[in-house]
Amino acid sequence: MIYNYTSSLGLMAYDWDGQSCRRLWLDSHPGARPSADDPVGCWLDAYCDGRRLALPPLAKPHTAFQARLRKALLAIPWGETCTYGELARQLGTAPRAFGQALGANPLPLLIPCHRVVAANGIGGFSCGIEWKKALLEFERSF
DNA sequence: GGCTTCCATGAGT
DNA sequence: ACTCATGGAAGCC
């Protein structure tokens with residue numbers, strides 16, 4: 001089931017099936033129902049408050065690589081950033097492949113793909129570069 | 001030094 | 001087969 005979530009940071013939507021969060025979008029989802037009192041909504045409440053809360057259950061990654069990718073991203077602390085190259089080396093992969101895998105992340109924000117920047121510059125963001133800038137600035141303000 | 005190609009590289013589609 | 005949310009090196013002012 002897909003829910004819309006309105007936050008101080010902007011409109012979001014997520015797919016919560018009652019067991020785990022399968023996807024999260026950084027924009028509103030047409031026709032979705034308003035956010036319920038589920039673990040994802042609670043986590044988003046906390047995040048927008050600057051509070052770190054344990055993650056809600058997330059859908060399993062499809063591949064082993066995505067599992068390692070997720071683990072590496074979750075290791076980046078609030079407000080900190082890493083570069084594509086650093087993490088790619090850490091996972092034994094190529095920077096470009098790493099970047100593309102990030103773009104395919106179905107759970108932005110929950111899995112903090114916005115904390116990865118290019119060696120020179122900010123890099124890209126599939127949900128819109130404005131989101132990435134806003135999120136980084138938001139996290140740094142705490 | 002700063003700017004512009006150029007290409008190795010690997011995961012996803 | 002082709003597409004990338006890169007990085008680093010090489011060439012040129």
# chains A, B, ... in the order shown; residues from 1 in each chain; ligands from 1

$ residues_around --residues "B:DT13" --least-positions-apart "5" --cutoff "12 Å" --atoms "only C-alpha atoms (C1' of nucleotides)" --output "ChimeraX atom specification"
/A:100-101,104 /C:1-4

$ write_last_selection --atoms "all heavy atoms" --output "compact mmCIF listing (two decimals), in the first residue's frame"
# COMPACT_ATOMS: atom_id res chain seq x y z
N GLN A 100 25.95 4.22 -10.37
CA GLN A 100 24.71 3.75 -11.00
C GLN A 100 23.88 2.94 -10.02
O GLN A 100 22.66 3.03 -9.99
CB GLN A 100 24.99 2.91 -12.24
CG GLN A 100 23.70 2.61 -12.97
CD GLN A 100 23.87 1.69 -14.15
OE1 GLN A 100 24.98 1.46 -14.61
NE2 GLN A 100 22.78 1.17 -14.62
N ALA A 101 24.53 2.15 -9.21
CA ALA A 101 23.81 1.34 -8.22
C ALA A 101 23.08 2.24 -7.24
O ALA A 101 21.98 1.93 -6.80
CB ALA A 101 24.78 0.43 -7.48
N ALA A 104 19.83 3.45 -8.46
CA ALA A 104 18.79 2.42 -8.49
C ALA A 104 18.27 2.11 -7.10
O ALA A 104 17.44 1.24 -6.93
CB ALA A 104 19.35 1.16 -9.13
P DA C 1 26.82 -7.92 -28.51
OP1 DA C 1 26.69 -9.13 -28.06
OP2 DA C 1 27.11 -7.77 -29.90
O5' DA C 1 26.06 -6.66 -28.04
C5' DA C 1 25.06 -6.13 -28.89
C4' DA C 1 24.49 -4.88 -28.31
O4' DA C 1 24.02 -5.11 -26.96
C3' DA C 1 25.45 -3.70 -28.23
O3' DA C 1 24.69 -2.57 -28.58
C2' DA C 1 25.85 -3.67 -26.76
C1' DA C 1 24.56 -4.11 -26.11
N9 DA C 1 24.72 -4.75 -24.80
C8 DA C 1 25.67 -5.64 -24.39
N7 DA C 1 25.53 -6.04 -23.16
C5 DA C 1 24.40 -5.35 -22.72
C6 DA C 1 23.72 -5.34 -21.50
N6 DA C 1 24.09 -6.07 -20.45
N1 DA C 1 22.64 -4.54 -21.39
C2 DA C 1 22.26 -3.82 -22.46
N3 DA C 1 22.81 -3.77 -23.66
C4 DA C 1 23.90 -4.56 -23.72
P DC C 2 25.47 -1.17 -28.80
OP1 DC C 2 25.05 -0.69 -30.12
OP2 DC C 2 26.89 -1.33 -28.45
O5' DC C 2 24.75 -0.26 -27.71
C5' DC C 2 23.45 -0.64 -27.25
C4' DC C 2 23.12 0.14 -26.01
O4' DC C 2 23.32 -0.68 -24.84
C3' DC C 2 23.98 1.38 -25.81
O3' DC C 2 23.17 2.40 -25.29
C2' DC C 2 25.03 0.90 -24.83
C1' DC C 2 24.17 0.02 -23.93
N1 DC C 2 24.90 -0.95 -23.10
C2 DC C 2 24.39 -1.26 -21.85
O2 DC C 2 23.34 -0.74 -21.49
N3 DC C 2 25.07 -2.14 -21.06
C4 DC C 2 26.20 -2.68 -21.50
N4 DC C 2 26.83 -3.53 -20.69
C5 DC C 2 26.74 -2.38 -22.78
C6 DC C 2 26.06 -1.51 -23.55
P DT C 3 23.81 3.92 -25.13
OP1 DT C 3 23.03 4.80 -26.01
OP2 DT C 3 25.28 3.88 -25.20
O5' DT C 3 23.35 4.22 -23.64
C5' DT C 3 22.06 3.83 -23.22
C4' DT C 3 22.02 3.79 -21.71
O4' DT C 3 22.79 2.69 -21.20
C3' DT C 3 22.60 5.06 -21.04
O3' DT C 3 21.74 5.42 -19.98
C2' DT C 3 23.94 4.58 -20.51
C1' DT C 3 23.63 3.14 -20.16
N1 DT C 3 24.79 2.24 -20.07
C2 DT C 3 24.91 1.45 -18.95
O2 DT C 3 24.12 1.49 -18.04
N3 DT C 3 26.01 0.64 -18.94
C4 DT C 3 26.97 0.52 -19.93
O4 DT C 3 27.90 -0.25 -19.81
C5 DT C 3 26.78 1.38 -21.08
C7 DT C 3 27.76 1.35 -22.19
C6 DT C 3 25.71 2.18 -21.09
P DC C 4 21.77 6.94 -19.43
OP1 DC C 4 21.02 6.90 -18.17
OP2 DC C 4 21.39 7.89 -20.50
O5' DC C 4 23.33 7.23 -19.13
C5' DC C 4 23.70 8.00 -18.01
C4' DC C 4 23.83 7.14 -16.78
O4' DC C 4 24.37 5.85 -17.16
C3' DC C 4 24.78 7.73 -15.74
O3' DC C 4 24.16 7.71 -14.45
C2' DC C 4 26.02 6.84 -15.81
C1' DC C 4 25.46 5.53 -16.32
N1 DC C 4 26.48 4.81 -17.13
C2 DC C 4 27.07 3.66 -16.60
O2 DC C 4 26.73 3.28 -15.47
N3 DC C 4 28.00 2.99 -17.33
C4 DC C 4 28.34 3.44 -18.55
N4 DC C 4 29.26 2.76 -19.23
C5 DC C 4 27.76 4.62 -19.10
C6 DC C 4 26.84 5.27 -18.36

$ interface_residues --of "chain C" --to "chain A" --cutoff "8 Å" --atoms "only C-alpha atoms (C1' of nucleotides)" --output "list in words"
DC4, DA5, DT6 and DG7 of chain C

$ residues_around --residues "A:Ile76" --least-positions-apart "3" --cutoff "9 Å" --atoms "only C-alpha atoms (C1' of nucleotides)" --output "MDAnalysis selection string"
chainID A and resid 72:73 79:82 112 115:116

$ write_last_selection --atoms "C-alpha atoms" --output "PDB file, in the first residue's frame"
ATOM      1  CA  ALA A  72      28.194   0.642   3.454  1.00  0.00           C
ATOM      2  CA  LEU A  73      25.708   3.480   3.129  1.00  0.00           C
ATOM      3  CA  GLY A  79      25.554  14.758   8.372  1.00  0.00           C
ATOM      4  CA  GLU A  80      28.781  13.171   7.113  1.00  0.00           C
ATOM      5  CA  THR A  81      29.601  12.528   3.486  1.00  0.00           C
ATOM      6  CA  CYS A  82      31.694  10.040   1.527  1.00  0.00           C
ATOM      7  CA  PRO A 112      21.228   7.508   3.032  1.00  0.00           C
ATOM      8  CA  ARG A 115      25.423  11.356   1.782  1.00  0.00           C
ATOM      9  CA  VAL A 116      27.541  10.268  -1.152  1.00  0.00           C
TER      10      VAL A 116
END

$ select_by_dssp --residues "stretch 33-122 of chain A" --states "strand (DSSP E or B)" --output "PyMOL selection string"
chain A and resi 33-34+58+82-83+108+111+116-117

$ closest_atom_pairs --of "chain B" --to "chain A" --cutoff "7 Å" --atoms "only C-alpha atoms (C1' of nucleotides)" --output "tab-separated table"
residue	atom	partner	partner_atom	distance
B:DT9	C1'	A:Ala94	CA	5.6
B:DG10	C1'	A:Ala97	CA	5.2
B:DA11	C1'	A:Ala97	CA	5.6

$ select_by_dssp --residues "stretch 40-138 of chain A" --states "helix (DSSP H, G or I)" --output "PyMOL selection string"
chain A and resi 40-48+64-74+84-91+95-103+113-115+129-138

$ atom_distance --atom1 "atom CA of A:Lys71" --atom2 "atom CA of A:Tyr47"
19.2 Å
